[in-house]
Amino acid sequence: MGLLSAGSPLDWPASEPYRNRIKEDGIEQFLHGYHAAKNFRNHGLKWGDEVEYTLIQMDHTARKATLLLNATDLLHKLQQAENDNPSAVPTLWRPEYPRWMIEGTPGVPYRCYAADLVNVERNMILRRTELTNLLEPSQALLTITAFPRIGCAHYTTPKTLPFGPVARSFFTSDSVINEHARFPTLSRNIRIRGGAKVDIRMPMFRDVHTLVTQPLIPRDPTHLAMLQHVVAELPAQHPDAQAVRDALEAQVHGEIAMDSSAFGMGCACLQVTIQGRDMAESRLLYDQLAVMAPIMLALTAATPALRGLLADTDVRWDVISMSMDDRTEQEKTSGAFPKARYSSIDCYLSCRGRHNPALYNDLPIPINDAAYARLINGGVDHLLAQHIAHLFIRDPLAIYKESVEQDNTQSTDHFENIQSTNWNTVRFKLPPPDSDIGWRTEFRSMEIGLTDFENAAFSVFMVLLSRVILAFKLDFYMPMSKVDSNMETAHKRDAVNAEKFYFRKNVFKVSDGSSFLCECGHIHNASLVGGHAECEDINKFCRKTLENEASNDADGDCSPLEKMSIDEIFNGKPLCRNGMQQGFQFAGLIPLVRGYLNAVGIDEATRARLFIYLDFISQRASGQLCTTAAYIRHLVRGHASYAHDSVISEPICYDVMHTLQEVTKGRVDAPELLGEFASMMFTDENETADTMMQKMQKIREGAEAGLLRGSTMPQSALMDTIRSIARKRNDAKCGC
Ligand code: ADP
Ligand code: MG
Ligand code: MG
């Protein structure tokens with residue numbers, strides 16, 4: 001949602017005199033916040049999810065599904081409880097860019113006990129119920145990443161006309177943009193700063209009868225009439241009239257072309273924010289989770305269709321990146337700004353342990369030199385100064401006249417102005433002034449699932465993974481260029497099954513020399529080998545891995561990285577010898593999380609519930625269950641009226657939306673998507689705000705019950721986990 005200041009934002013030329021000032025003050029504000037919070041210690045785990053909901057109008061008579069532009073009214077009602085009693089609501093509601101979307105979060109962050117994780121799905125159900133209760137019978141609430149027909153003729157209720165003064169889009173209207181001044185200002189200023197409209201191109205899926213070359217504006221009579229109306233209203237020589245006439249003649253080859261921020265900011269996602277014990281821990285998590293971002297993007301893929309056409313990609317990320325790209329042509333082509341402000345990250349942040357981030361920061365990191373110098377002079381270390389100065393290469397897009405003057409010791413608004421318009425895969429969050437909120441890392445790459453069960457499972461998984469990273473001191477580092485390569489791979493259709501991703505063979509940190517007894521009878525050094533290496537080669541293996549890391553040659557035979565499938569990353573990779581499995585080459589994230597949970601010591605009901613989430617994710621990763629993207633693509637391609645031409649017509653869109661609604665409500669089975677888990681979802685529709693609040697604030701009996709330890713976990717837990725994974729592998733027949 002970002003920073004929502006009150007006031008009147010300046011248009012681009014009028015903001016010119018203030019831009020540098022905002023950046024300079026933003027850095028001063030960061031310095032104040034940094035020094036106030038740099039010594040925060042022992043903050044407990046707190047965390048929260050963010051779910052973005054899409055409002056749909058279903059016209060069952062005309063069999064049309066459209067996006068319902070009703071967020072503002074609904075938000076007004078949803079926020080009533082918070083306005084009455086801000087500190088005791090179990091759900092919070094916030095606006096989003098399009099008027100068809102609302103964001104919901106837990107009212108207070110979840111705490112640090114395993115039992116809290118079981119509240120997540122229930123809280124999501126409560127949120128869905130609160131919102132659904134406000135809808136009319138013909139209106140639907142879906143958690144989908146992208147409505148398939150954004151930008152197709154009349155795709156909204158009420159109807160809206162394209163080519164407004166803000167976005168000048170041939171497809172989307174300005175009236176779909178939330179009326180809070182921040183949102184249209186962002187769009188307008190992105191267009192003006194960049195010198196042209198955003199130009200979004202995604203590959204089109206080529207089906208048997210797909211027209212590879214298509215007119216830019218689909219030959220839909222309604223759409224054509226709307227644009228012709230725009231031309232008719234303007235003097236013949238007006239440049240806008242000419243632009244529309246040109247668009248009506250233009251063709252595109254093999255691509256889906258889009259031209260406004262609404263296409264990207266209209267995509268919904270699932271985010272998780274995790275508080276670290278201290279700044280160092282949050283920085284470490286930032287780095288480790290950045291590596292996970294492309295992998296989780298591929299695993300949660302849910303975007304097979306854009307602007308009424310099937311795409312040859314399954315995820316939203318690049319669409320939003322291009323839709324919020326404010327770079328000038330010169331900034332793009334000269335390499336001055338290699339990436340848009342909505343992008344994967346460019347530099348690691350942690351300076352903890354034996355890591356040498358310089359080894360891994362192998363992408364260009366343009367920085368704001370003045371900001372960097374000020375940060376260094378102000379006592380910030382190089383890596384953090386580089387990160388902040390990198391964010392500060394961007395201009396403030398929305399400046400509010402009334403709030404230019406600020407007390408830099410009390411406010412962080414100018415810092416947040418830049419920070420909250422760098423939309424990266426992970427975000428390192430400065431504690432707000434005068435609060436007990438600690439340093440946090442936000443994980444931002446995941447797409448949204450249809451059901452609360454799926455979204456809870458992925459949110460809970462990310463939190464547990466963060467615990468495992470800290471508890472078992474896992475190391476996911478790889479050169480940043482490889483993370484970007486994974487990001488590209490994540491966009492490919494069916495990446496989860498068909499593609500491989502760079503990942504570390506050995507995620508156990510080279511650190512404290514702890515050893516473990518392997519099933520083969522040898523003592524292995526857990527900190528040196530990828531769980532279980534070939535015994536006879538162990539010395540060679542270790543030496544080569546380390547030497548190689550030093551030379552940063554990630555592609556050599558003995559490199560620390562390997563290309564793994566998502567199945568291997570999540571479920572592990574056995575070590576096979578003579579047709580038998582012997583231990584593992586890669587332990588797998590799910591077995592590690594299971595081992596962690598076993599070590600935490602939690603009550604049986606909680607453990608069983610969390611294992612269900614892990615089983616579900618394991619099956620998504622293995623391909624036993626399909627992604628939302630694959631499911632929707634399959635619905636489209638299997639539709640009776642689908643002409644195998646990649647086109648998602650109104651009737652197809654209606655039927656798909658109807659099916660998704662029924663699946664969400666559990667009234668239609670989707671075995672390929674949900675498998676046995678459909679019957680395991682919570683159905684707490686009777687949960688009230690009061691009962692949820694009690695659950696969320698419940699004080700555990702016994703301070704340590706199911707405490708989700710991070711770095712304070714005893715080292716023996718890792719060894720027990722590795723032993724148990726190796727033992728399981730030894731029980732299994734080799735599949736290769
Ligand atoms: P954004 O930066 O995306 O606007 P918010 O600050 O609104 O995010 O909150 C994002 C998430 O962080 C929410 O789920 C919220 O519950 C959670 N959250 C709030 N306080 C904390 C905290 N102290 N530690 C971790 N997460 C928190
Ligand atoms: Mg949001
Ligand atoms: Mg967020």
# chains A, B, ... in the order shown; residues from 1 in each chain; ligands from 1
call {"tool": "residues_near_ligand", "arguments": {"ligand": "ligand 1", "cutoff": "7 Å", "atoms": "only C-alpha atoms and all ligand atoms", "output": "number ranges by chain"}}
result
A: 1-2, 46-50, 105-109, 272-275, 437-438, 440
call {"tool": "residues_around", "arguments": {"residues": "stretch 621-638 of chain A", "least_positions_apart": "2", "cutoff": "7 Å", "atoms": "only C-alpha atoms", "output": "list of chain:residue names"}}
result
A:Leu299, A:Thr300, A:Ala301, A:Ala302, A:Thr303, A:Pro304, A:Asp314, A:Gly449, A:Val496, A:Asn497, A:Ile566, A:Asp567, A:Phe570, A:Ile617, A:Ser618, A:Gln619, A:Ala640, A:Tyr642, A:His644, A:Ile652, A:Val656, A:Glu672, A:Leu673, A:Leu674, A:Gly675
call {"tool": "write_last_selection", "arguments": {"atoms": "N, CA and C atoms", "output": "CSV table (one decimal), in the first residue's frame"}}
result
chain,number,residue,atom,x,y,z
A,299,LEU,N,6.9,-21.1,-7.4
A,299,LEU,CA,6.0,-22.1,-6.8
A,299,LEU,C,4.6,-21.6,-6.5
A,300,THR,N,4.4,-20.3,-6.4
A,300,THR,CA,3.1,-19.7,-6.2
A,300,THR,C,2.5,-19.2,-7.5
A,301,ALA,N,3.1,-19.5,-8.6
A,301,ALA,CA,2.7,-18.9,-9.9
A,301,ALA,C,1.1,-18.9,-10.0
A,302,ALA,N,0.6,-17.8,-10.5
A,302,ALA,CA,-0.9,-17.7,-10.6
A,302,ALA,C,-1.3,-16.7,-11.7
A,303,THR,N,-0.5,-16.4,-12.6
A,303,THR,CA,-0.8,-15.4,-13.6
A,303,THR,C,-0.6,-15.9,-15.0
A,304,PRO,N,-1.5,-16.7,-15.5
A,304,PRO,CA,-1.4,-17.2,-16.9
A,304,PRO,C,-2.0,-16.4,-17.9
A,314,ASP,N,3.9,-17.4,-16.4
A,314,ASP,CA,2.9,-17.8,-15.3
A,314,ASP,C,2.9,-16.8,-14.1
A,449,GLY,N,-2.9,-17.2,-3.6
A,449,GLY,CA,-3.6,-18.4,-3.8
A,449,GLY,C,-5.1,-18.2,-3.7
A,496,VAL,N,7.8,-24.4,-12.4
A,496,VAL,CA,7.9,-25.2,-11.2
A,496,VAL,C,8.2,-26.7,-11.6
A,497,ASN,N,7.7,-27.1,-12.7
A,497,ASN,CA,8.0,-28.5,-13.1
A,497,ASN,C,9.1,-28.6,-14.2
A,566,ILE,N,12.6,-27.4,-8.5
A,566,ILE,CA,11.9,-26.9,-7.3
A,566,ILE,C,11.6,-28.1,-6.4
A,567,ASP,N,11.3,-29.3,-7.0
A,567,ASP,CA,11.1,-30.5,-6.2
A,567,ASP,C,12.3,-30.8,-5.4
A,570,PHE,N,12.9,-28.3,-2.5
A,570,PHE,CA,11.9,-28.4,-1.4
A,570,PHE,C,12.0,-29.8,-0.8
A,617,ILE,N,2.7,-28.0,0.6
A,617,ILE,CA,3.8,-27.3,-0.2
A,617,ILE,C,4.7,-28.3,-0.9
A,618,SER,N,5.0,-29.4,-0.1
A,618,SER,CA,5.8,-30.4,-0.7
A,618,SER,C,5.1,-30.9,-2.0
A,619,GLN,N,3.8,-31.1,-2.0
A,619,GLN,CA,3.2,-31.7,-3.2
A,619,GLN,C,3.1,-30.6,-4.3
A,640,ALA,N,-15.4,-25.0,-23.3
A,640,ALA,CA,-16.1,-25.5,-24.5
A,640,ALA,C,-16.0,-24.4,-25.7
A,642,TYR,N,-13.5,-22.2,-26.1
A,642,TYR,CA,-12.2,-21.7,-26.3
A,642,TYR,C,-11.8,-22.2,-27.7
A,644,HIS,N,-8.8,-22.2,-29.1
A,644,HIS,CA,-7.4,-22.5,-29.2
A,644,HIS,C,-6.6,-21.4,-29.9
A,652,ILE,N,-15.7,-17.1,-21.4
A,652,ILE,CA,-14.7,-17.9,-20.8
A,652,ILE,C,-14.3,-17.3,-19.4
A,656,VAL,N,-14.6,-19.1,-15.9
A,656,VAL,CA,-13.4,-19.3,-15.0
A,656,VAL,C,-13.6,-18.6,-13.7
A,672,GLU,N,-6.6,-31.5,-8.8
A,672,GLU,CA,-5.3,-31.2,-9.3
A,672,GLU,C,-4.6,-30.1,-8.6
A,673,LEU,N,-5.4,-29.2,-8.0
A,673,LEU,CA,-4.9,-28.0,-7.4
A,673,LEU,C,-4.7,-28.2,-5.9
A,674,LEU,N,-5.7,-28.9,-5.3
A,674,LEU,CA,-5.8,-28.9,-3.8
A,674,LEU,C,-5.6,-30.3,-3.3
A,675,GLY,N,-5.8,-31.3,-4.1
A,675,GLY,CA,-5.7,-32.7,-3.7
A,675,GLY,C,-6.5,-33.0,-2.5
call {"tool": "closest_atom_pairs", "arguments": {"of": "stretch 72-141 of chain A", "to": "stretch 265-268 of chain A", "cutoff": "9 Å", "atoms": "only C-alpha atoms", "output": "JSON lines"}}
result
{"residue": "A:Glu96", "atom": "CA", "partner": "A:Met265", "partner_atom": "CA", "distance": 8.2}
{"residue": "A:Tyr97", "atom": "CA", "partner": "A:Met265", "partner_atom": "CA", "distance": 6.1}
{"residue": "A:Pro98", "atom": "CA", "partner": "A:Gly266", "partner_atom": "CA", "distance": 5.8}
{"residue": "A:Arg99", "atom": "CA", "partner": "A:Gly266", "partner_atom": "CA", "distance": 8.9}
{"residue": "A:Trp100", "atom": "CA", "partner": "A:Gly266", "partner_atom": "CA", "distance": 8.1}
{"residue": "A:Met101", "atom": "CA", "partner": "A:Gly266", "partner_atom": "CA", "distance": 7.6}
{"residue": "A:Glu103", "atom": "CA", "partner": "A:Ala268", "partner_atom": "CA", "distance": 8.9}
call {"tool": "write_last_selection", "arguments": {"atoms": "all heavy atoms", "output": "PDB file, in the first residue's frame"}}
result
ATOM      1  N   GLU A  96      -5.685  -0.107  -1.898  1.00  0.00           N
ATOM      2  CA  GLU A  96      -4.635  -0.451  -2.857  1.00  0.00           C
ATOM      3  C   GLU A  96      -4.816   0.404  -4.108  1.00  0.00           C
ATOM      4  O   GLU A  96      -5.785   1.149  -4.217  1.00  0.00           O
ATOM      5  CB  GLU A  96      -4.690  -1.948  -3.196  1.00  0.00           C
ATOM      6  CG  GLU A  96      -3.894  -2.826  -2.224  1.00  0.00           C
ATOM      7  CD  GLU A  96      -2.406  -2.486  -2.180  1.00  0.00           C
ATOM      8  OE1 GLU A  96      -1.905  -1.916  -3.174  1.00  0.00           O
ATOM      9  OE2 GLU A  96      -1.761  -2.760  -1.156  1.00  0.00           O
ATOM     10  N   TYR A  97      -3.913   0.269  -5.018  1.00  0.00           N
ATOM     11  CA  TYR A  97      -3.917   1.131  -6.214  1.00  0.00           C
ATOM     12  C   TYR A  97      -5.232   1.077  -6.990  1.00  0.00           C
ATOM     13  O   TYR A  97      -5.827   2.114  -7.288  1.00  0.00           O
ATOM     14  CB  TYR A  97      -2.721   0.743  -7.096  1.00  0.00           C
ATOM     15  CG  TYR A  97      -2.607   1.534  -8.371  1.00  0.00           C
ATOM     16  CD1 TYR A  97      -1.768   2.640  -8.457  1.00  0.00           C
ATOM     17  CD2 TYR A  97      -3.352   1.182  -9.494  1.00  0.00           C
ATOM     18  CE1 TYR A  97      -1.676   3.373  -9.628  1.00  0.00           C
ATOM     19  CE2 TYR A  97      -3.266   1.912 -10.663  1.00  0.00           C
ATOM     20  CZ  TYR A  97      -2.428   3.004 -10.728  1.00  0.00           C
ATOM     21  OH  TYR A  97      -2.339   3.723 -11.898  1.00  0.00           O
ATOM     22  N   PRO A  98      -5.716  -0.114  -7.361  1.00  0.00           N
ATOM     23  CA  PRO A  98      -6.957  -0.101  -8.142  1.00  0.00           C
ATOM     24  C   PRO A  98      -8.192  -0.102  -7.254  1.00  0.00           C
ATOM     25  O   PRO A  98      -8.142  -0.592  -6.125  1.00  0.00           O
ATOM     26  CB  PRO A  98      -6.885  -1.413  -8.937  1.00  0.00           C
ATOM     27  CG  PRO A  98      -6.004  -2.307  -8.154  1.00  0.00           C
ATOM     28  CD  PRO A  98      -5.164  -1.479  -7.242  1.00  0.00           C
ATOM     29  N   ARG A  99      -9.259   0.409  -7.765  1.00  0.00           N
ATOM     30  CA  ARG A  99     -10.493   0.471  -6.985  1.00  0.00           C
ATOM     31  C   ARG A  99     -11.192  -0.877  -6.913  1.00  0.00           C
ATOM     32  O   ARG A  99     -12.293  -0.959  -6.396  1.00  0.00           O
ATOM     33  CB  ARG A  99     -11.445   1.490  -7.607  1.00  0.00           C
ATOM     34  CG  ARG A  99     -10.963   2.898  -7.419  1.00  0.00           C
ATOM     35  CD  ARG A  99     -12.083   3.868  -7.737  1.00  0.00           C
ATOM     36  NE  ARG A  99     -11.518   5.167  -8.076  1.00  0.00           N
ATOM     37  CZ  ARG A  99     -12.229   6.268  -8.176  1.00  0.00           C
ATOM     38  NH1 ARG A  99     -13.531   6.239  -7.976  1.00  0.00           N
ATOM     39  NH2 ARG A  99     -11.655   7.404  -8.491  1.00  0.00           N
ATOM     40  N   TRP A 100     -10.564  -1.899  -7.479  1.00  0.00           N
ATOM     41  CA  TRP A 100     -11.158  -3.230  -7.339  1.00  0.00           C
ATOM     42  C   TRP A 100     -10.404  -4.054  -6.288  1.00  0.00           C
ATOM     43  O   TRP A 100     -10.645  -5.229  -6.123  1.00  0.00           O
ATOM     44  CB  TRP A 100     -11.172  -3.968  -8.683  1.00  0.00           C
ATOM     45  CG  TRP A 100      -9.815  -4.244  -9.296  1.00  0.00           C
ATOM     46  CD1 TRP A 100      -8.881  -5.149  -8.858  1.00  0.00           C
ATOM     47  CD2 TRP A 100      -9.245  -3.645 -10.475  1.00  0.00           C
ATOM     48  NE1 TRP A 100      -7.780  -5.146  -9.677  1.00  0.00           N
ATOM     49  CE2 TRP A 100      -7.983  -4.241 -10.680  1.00  0.00           C
ATOM     50  CE3 TRP A 100      -9.698  -2.683 -11.379  1.00  0.00           C
ATOM     51  CZ2 TRP A 100      -7.160  -3.889 -11.753  1.00  0.00           C
ATOM     52  CZ3 TRP A 100      -8.863  -2.351 -12.442  1.00  0.00           C
ATOM     53  CH2 TRP A 100      -7.610  -2.929 -12.618  1.00  0.00           C
ATOM     54  N   MET A 101      -9.470  -3.440  -5.581  1.00  0.00           N
ATOM     55  CA  MET A 101      -8.622  -4.223  -4.667  1.00  0.00           C
ATOM     56  C   MET A 101      -8.591  -3.609  -3.274  1.00  0.00           C
ATOM     57  O   MET A 101      -8.590  -2.386  -3.118  1.00  0.00           O
ATOM     58  CB  MET A 101      -7.209  -4.274  -5.227  1.00  0.00           C
ATOM     59  CG  MET A 101      -6.321  -5.302  -4.551  1.00  0.00           C
ATOM     60  SD  MET A 101      -4.608  -5.135  -5.115  1.00  0.00           S
ATOM     61  CE  MET A 101      -4.689  -5.782  -6.761  1.00  0.00           C
ATOM     62  N   GLU A 103      -6.585  -4.384   0.647  1.00  0.00           N
ATOM     63  CA  GLU A 103      -5.592  -5.209   1.350  1.00  0.00           C
ATOM     64  C   GLU A 103      -6.057  -5.481   2.778  1.00  0.00           C
ATOM     65  O   GLU A 103      -6.546  -4.577   3.454  1.00  0.00           O
ATOM     66  CB  GLU A 103      -4.260  -4.465   1.371  1.00  0.00           C
ATOM     67  CG  GLU A 103      -3.163  -5.226   2.102  1.00  0.00           C
ATOM     68  CD  GLU A 103      -1.881  -4.413   2.169  1.00  0.00           C
ATOM     69  OE1 GLU A 103      -1.205  -4.330   1.145  1.00  0.00           O
ATOM     70  OE2 GLU A 103      -1.579  -3.858   3.242  1.00  0.00           O
TER      71      GLU A 103
END
call {"tool": "residues_around", "arguments": {"residues": "A:His390", "least_positions_apart": "6", "cutoff": "8 Å", "atoms": "only C-alpha atoms", "output": "PyMOL selection string"}}
result
chain A and resi 365-368
call {"tool": "closest_residue", "arguments": {"among": "A:Leu142, A:Phe472, A:Pro431, A:Ser187", "to": "A:Ser716", "atoms": "only C-alpha atoms"}}
result
A:Phe472
call {"tool": "residues_around", "arguments": {"residues": "A:Val120", "least_positions_apart": "4", "cutoff": "8 Å", "atoms": "only C-alpha atoms", "output": "JSON, numbers by chain"}}
result
{"A": [116, 124, 456, 460]}
call {"tool": "write_last_selection", "arguments": {"atoms": "N, CA, C and O atoms", "output": "PDB file, in the first residue's frame"}}
result
ATOM      1  N   ASP A 116       0.628 -19.814  17.281  1.00  0.00           N
ATOM      2  CA  ASP A 116       0.199 -18.619  16.549  1.00  0.00           C
ATOM      3  C   ASP A 116       0.059 -18.902  15.056  1.00  0.00           C
ATOM      4  O   ASP A 116      -0.739 -18.268  14.365  1.00  0.00           O
ATOM      5  N   MET A 124      -7.311 -15.288   8.252  1.00  0.00           N
ATOM      6  CA  MET A 124      -7.609 -15.017   6.840  1.00  0.00           C
ATOM      7  C   MET A 124      -9.072 -15.313   6.534  1.00  0.00           C
ATOM      8  O   MET A 124      -9.712 -14.606   5.751  1.00  0.00           O
ATOM      9  N   ALA A 456      -2.352 -19.277   3.837  1.00  0.00           N
ATOM     10  CA  ALA A 456      -1.816 -19.507   5.179  1.00  0.00           C
ATOM     11  C   ALA A 456      -0.617 -20.439   5.096  1.00  0.00           C
ATOM     12  O   ALA A 456       0.417 -20.210   5.736  1.00  0.00           O
ATOM     13  N   VAL A 460       2.929 -19.263   6.468  1.00  0.00           N
ATOM     14  CA  VAL A 460       3.507 -20.014   7.592  1.00  0.00           C
ATOM     15  C   VAL A 460       4.844 -20.636   7.172  1.00  0.00           C
ATOM     16  O   VAL A 460       5.825 -20.610   7.924  1.00  0.00           O
TER      17      VAL A 460
END
call {"tool": "residues_around", "arguments": {"residues": "A:Met226", "least_positions_apart": "4", "cutoff": "8 Å", "atoms": "only C-alpha atoms", "output": "list in words"}}
result
Leu161, Pro162, Thr222 and Val230 of chain A
call {"tool": "residues_around", "arguments": {"residues": "A:Asp11", "least_positions_apart": "3", "cutoff": "10 Å", "atoms": "only C-alpha atoms", "output": "list in words"}}
result
Ser8, Ala14, Ser15, Glu16, Thr185, Leu186, Arg188, Asn189, Ile192, Leu397, Ala398, Ile399 and Tyr400 of chain A
call {"tool": "select_by_dssp", "arguments": {"residues": "stretch 198-356 of chain A", "states": "helix (DSSP H, G or I)", "output": "PyMOL selection string"}}
result
chain A and resi 221-233+239-249+261-265+279-299+317-323+329-333
call {"tool": "atom_distance", "arguments": {"atom1": "atom CA of A:Asn455", "atom2": "atom CA of A:Ala670"}}
result
16.2 Å
call {"tool": "residues_around", "arguments": {"residues": "stretch 242-250 of chain A", "least_positions_apart": "5", "cutoff": "12 Å", "atoms": "only C-alpha atoms", "output": "PyMOL selection string"}}
result
chain A and resi 162-163+168-171+197+213-220+223-237+257-259
